[in-house]
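Shown next: start30.tsv, given as TSV, C-alpha atoms.
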```
chain	number	residue	atom	x	y	z
A	2	MET	CA	-1.72	14.03	-7.13
A	3	ALA	CA	-2.65	11.29	-9.60
A	4	PHE	CA	-6.05	9.56	-9.51
A	5	GLU	CA	-5.63	6.35	-7.51
A	6	PHE	CA	-7.68	3.13	-7.77
A	7	LYS	CA	-7.28	0.14	-5.45
A	8	ASN	CA	-8.64	-3.11	-6.90
A	9	SER	CA	-10.20	-6.01	-5.00
A	10	LYS	CA	-6.78	-7.70	-4.71
A	11	GLY	CA	-5.33	-4.64	-2.97
A	12	THR	CA	-3.11	-3.46	-5.83
A	13	VAL	CA	-3.00	0.31	-6.37
A	14	TYR	CA	-3.13	1.71	-9.91
A	15	TYR	CA	-2.71	5.32	-11.09
A	16	LEU	CA	-4.51	6.88	-14.05
A	17	HIS	CA	-2.42	8.34	-16.90
A	18	GLY	CA	-3.22	10.03	-20.20
A	19	LYS	CA	-1.28	10.51	-23.41
A	20	ASN	CA	-1.96	12.33	-26.68
A	21	VAL	CA	-1.20	10.06	-29.64
A	22	THR	CA	-1.40	10.50	-33.40
A	23	LEU	CA	-3.34	7.77	-35.18
A	24	LYS	CA	-2.47	6.39	-38.63
A	25	GLY	CA	-4.89	8.75	-40.37
A	26	GLY	CA	-3.23	11.75	-38.72
A	27	ARG	CA	-6.02	12.29	-36.20
A	28	LYS	CA	-4.92	13.09	-32.65
A	29	GLN	CA	-6.59	11.32	-29.74
A	30	MET	CA	-6.13	11.16	-25.97
A	31	ILE	CA	-5.66	7.63	-24.63
A	32	TYR	CA	-5.97	6.68	-20.98
A	33	TYR	CA	-4.22	3.85	-19.15
A	34	PHE	CA	-3.49	2.65	-15.63
A	35	ALA	CA	-0.02	1.93	-14.22
A	36	ARG	CA	1.21	0.68	-10.86
A	37	GLU	CA	3.48	3.69	-10.37
A	38	ILE	CA	3.13	7.41	-11.05
A	39	LYS	CA	4.79	8.35	-14.34
A	40	PRO	CA	4.79	11.51	-16.47
A	41	GLY	CA	1.28	12.11	-17.79
A	42	ALA	CA	-0.52	11.23	-14.54
A	43	ILE	CA	-4.07	12.60	-14.37
A	44	ASP	CA	-5.72	14.00	-11.22
A	45	ALA	CA	-9.31	12.88	-11.95
A	46	VAL	CA	-11.35	10.56	-14.14
A	47	PRO	CA	-12.40	12.40	-17.33
A	48	GLU	CA	-16.03	13.49	-17.53
A	49	GLY	CA	-18.36	10.87	-18.99
A	50	LEU	CA	-16.14	7.93	-17.99
A	51	LYS	CA	-16.10	5.63	-14.97
A	52	VAL	CA	-13.58	3.15	-13.58
A	53	MET	CA	-14.40	-0.56	-13.65
A	54	GLU	CA	-12.38	-3.61	-12.73
A	55	THR	CA	-11.87	-6.62	-15.01
A	56	THR	CA	-13.09	-9.81	-13.39
A	57	LYS	CA	-10.15	-12.11	-14.15
A	58	THR	CA	-7.08	-9.94	-13.60
A	59	GLY	CA	-8.46	-7.09	-11.47
A	60	MET	CA	-6.96	-4.53	-13.89
A	61	PRO	CA	-8.91	-1.25	-13.87
A	62	ILE	CA	-10.36	0.07	-17.13
A	63	LEU	CA	-12.34	3.15	-18.16
A	64	LYS	CA	-15.86	2.77	-19.55
A	65	LYS	CA	-18.50	5.24	-20.69
A	66	LYS	CA	-21.13	6.04	-18.03
```
Can you give me the file's structure in the form of structure tokens?
Amino acid sequence: MAFEFKNSKGTVYYLHGKNVTLKGGRKQMIYYFAREIKPGAIDAVPEGLKVMETTKTGMPILKKK
């Protein structure tokens, strides 16, 4: 089951992760939230990160603890 976050407006977002290759050839995992469960859904917030909500839009973001 994907990690679920409900913002102050009542919208539910699901956490996803994706491995991407940067311009320099380095590989990095990126995290993003979506309103529906898609391939790449993650079960828990990665260690060392926490979920916060943006003040204007209510969109969840990940920040370092």
Could you jot down the atom CA of A:Pro61 to atom CA of A:Phe6 separation for me, Å, one decimal place?
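Calculated distance between atom CA of A:Pro61 and atom CA of A:Phe6 is 7.6 Å.
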Contacts between stretch 19-30 of chain A and stretch 40-65 of chain A, please, where a residue of stretch 40-65 of chain A counts if it comes within 12 Å (with only C-alpha atoms); show its shortest atom pair and distance in Å to one decimal, rows by chain and ascending number, as a Markdown table.
```
| residue | atom | partner | partner_atom | distance |
| --- | --- | --- | --- | --- |
| A:Pro40 | CA | A:Lys19 | CA | 9.3 |
| A:Gly41 | CA | A:Lys19 | CA | 6.4 |
| A:Ala42 | CA | A:Lys19 | CA | 8.9 |
| A:Ile43 | CA | A:Lys19 | CA | 9.7 |
| A:Pro47 | CA | A:Met30 | CA | 10.7 |
```
* To do: Name the residues in contact with A:Tyr15 at a cut-off of 9 Å, using only C-alpha atoms, excluding same-chain residues fewer than 6 positions from it; report them as a list in words.
  => Ala3, Phe4, Glu5, Phe6, Lys7, Tyr33, Phe34, Ala35, Arg36, Glu37, Ile38, Lys39, Ala42 and Ile43 of chain A
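Atom CA of A:Gly59 is positioned 8.6 Å from atom CA of A:Thr12.
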Report, in Å with one decimal, the straight-line distance from atom CA of A:Lys65 to atom CA of A:Gly49.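 One can read the atom CA of A:Lys65 to atom CA of A:Gly49 distance as 5.9 Å.
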Using all atoms listed in the file, the best pick from A:Glu48, A:Lys57, A:Lys64, A:Tyr32 as closest to A:Lys10 would be A:Lys57
Complete stretch 15-37 of chain A at the level of N, CA and C atoms, written as a tab-separated table (two decimals), in the coordinates of the input.
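After the write, out.tsv holds the following:
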```
chain	number	residue	atom	x	y	z
A	15	TYR	N	-2.59	3.88	-10.87
A	15	TYR	CA	-2.71	5.32	-11.09
A	15	TYR	C	-3.09	5.58	-12.54
A	16	LEU	N	-3.99	6.55	-12.73
A	16	LEU	CA	-4.51	6.88	-14.05
A	16	LEU	C	-3.55	7.83	-14.77
A	17	HIS	N	-3.29	7.54	-16.06
A	17	HIS	CA	-2.42	8.34	-16.90
A	17	HIS	C	-3.12	8.63	-18.23
A	18	GLY	N	-2.70	9.68	-18.89
A	18	GLY	CA	-3.22	10.03	-20.20
A	18	GLY	C	-2.09	10.42	-21.13
A	19	LYS	N	-2.32	10.20	-22.42
A	19	LYS	CA	-1.28	10.51	-23.41
A	19	LYS	C	-1.95	10.87	-24.72
A	20	ASN	N	-1.48	11.95	-25.35
A	20	ASN	CA	-1.96	12.33	-26.68
A	20	ASN	C	-1.16	11.55	-27.72
A	21	VAL	N	-1.86	10.83	-28.59
A	21	VAL	CA	-1.20	10.06	-29.64
A	21	VAL	C	-1.75	10.48	-30.99
A	22	THR	N	-0.97	10.25	-32.04
A	22	THR	CA	-1.40	10.50	-33.40
A	22	THR	C	-1.71	9.17	-34.06
A	23	LEU	N	-2.92	9.00	-34.54
A	23	LEU	CA	-3.34	7.77	-35.18
A	23	LEU	C	-2.85	7.72	-36.62
A	24	LYS	N	-2.98	6.57	-37.27
A	24	LYS	CA	-2.47	6.39	-38.63
A	24	LYS	C	-3.02	7.43	-39.61
A	25	GLY	N	-4.27	7.78	-39.47
A	25	GLY	CA	-4.89	8.75	-40.37
A	25	GLY	C	-4.49	10.19	-40.09
A	26	GLY	N	-3.67	10.40	-39.07
A	26	GLY	CA	-3.23	11.75	-38.72
A	26	GLY	C	-4.07	12.40	-37.63
A	27	ARG	N	-5.15	11.74	-37.24
A	27	ARG	CA	-6.02	12.29	-36.20
A	27	ARG	C	-5.36	12.13	-34.84
A	28	LYS	N	-5.49	13.15	-34.00
A	28	LYS	CA	-4.92	13.09	-32.65
A	28	LYS	C	-6.00	12.67	-31.68
A	29	GLN	N	-5.62	11.83	-30.71
A	29	GLN	CA	-6.59	11.32	-29.74
A	29	GLN	C	-5.90	11.13	-28.39
A	30	MET	N	-6.64	11.37	-27.32
A	30	MET	CA	-6.13	11.16	-25.97
A	30	MET	C	-6.44	9.72	-25.57
A	31	ILE	N	-5.43	8.98	-25.13
A	31	ILE	CA	-5.66	7.63	-24.63
A	31	ILE	C	-5.40	7.63	-23.13
A	32	TYR	N	-6.10	6.78	-22.42
A	32	TYR	CA	-5.97	6.68	-20.98
A	32	TYR	C	-5.53	5.27	-20.63
A	33	TYR	N	-4.68	5.16	-19.59
A	33	TYR	CA	-4.22	3.85	-19.15
A	33	TYR	C	-3.89	3.92	-17.66
A	34	PHE	N	-3.84	2.76	-17.03
A	34	PHE	CA	-3.49	2.65	-15.63
A	34	PHE	C	-2.11	2.02	-15.49
A	35	ALA	N	-1.34	2.49	-14.51
A	35	ALA	CA	-0.02	1.93	-14.22
A	35	ALA	C	0.12	1.79	-12.71
A	36	ARG	N	1.01	0.92	-12.30
A	36	ARG	CA	1.21	0.68	-10.86
A	36	ARG	C	2.03	1.76	-10.19
A	37	GLU	N	2.70	2.59	-10.96
A	37	GLU	CA	3.48	3.69	-10.37
A	37	GLU	C	3.14	4.98	-11.10
```
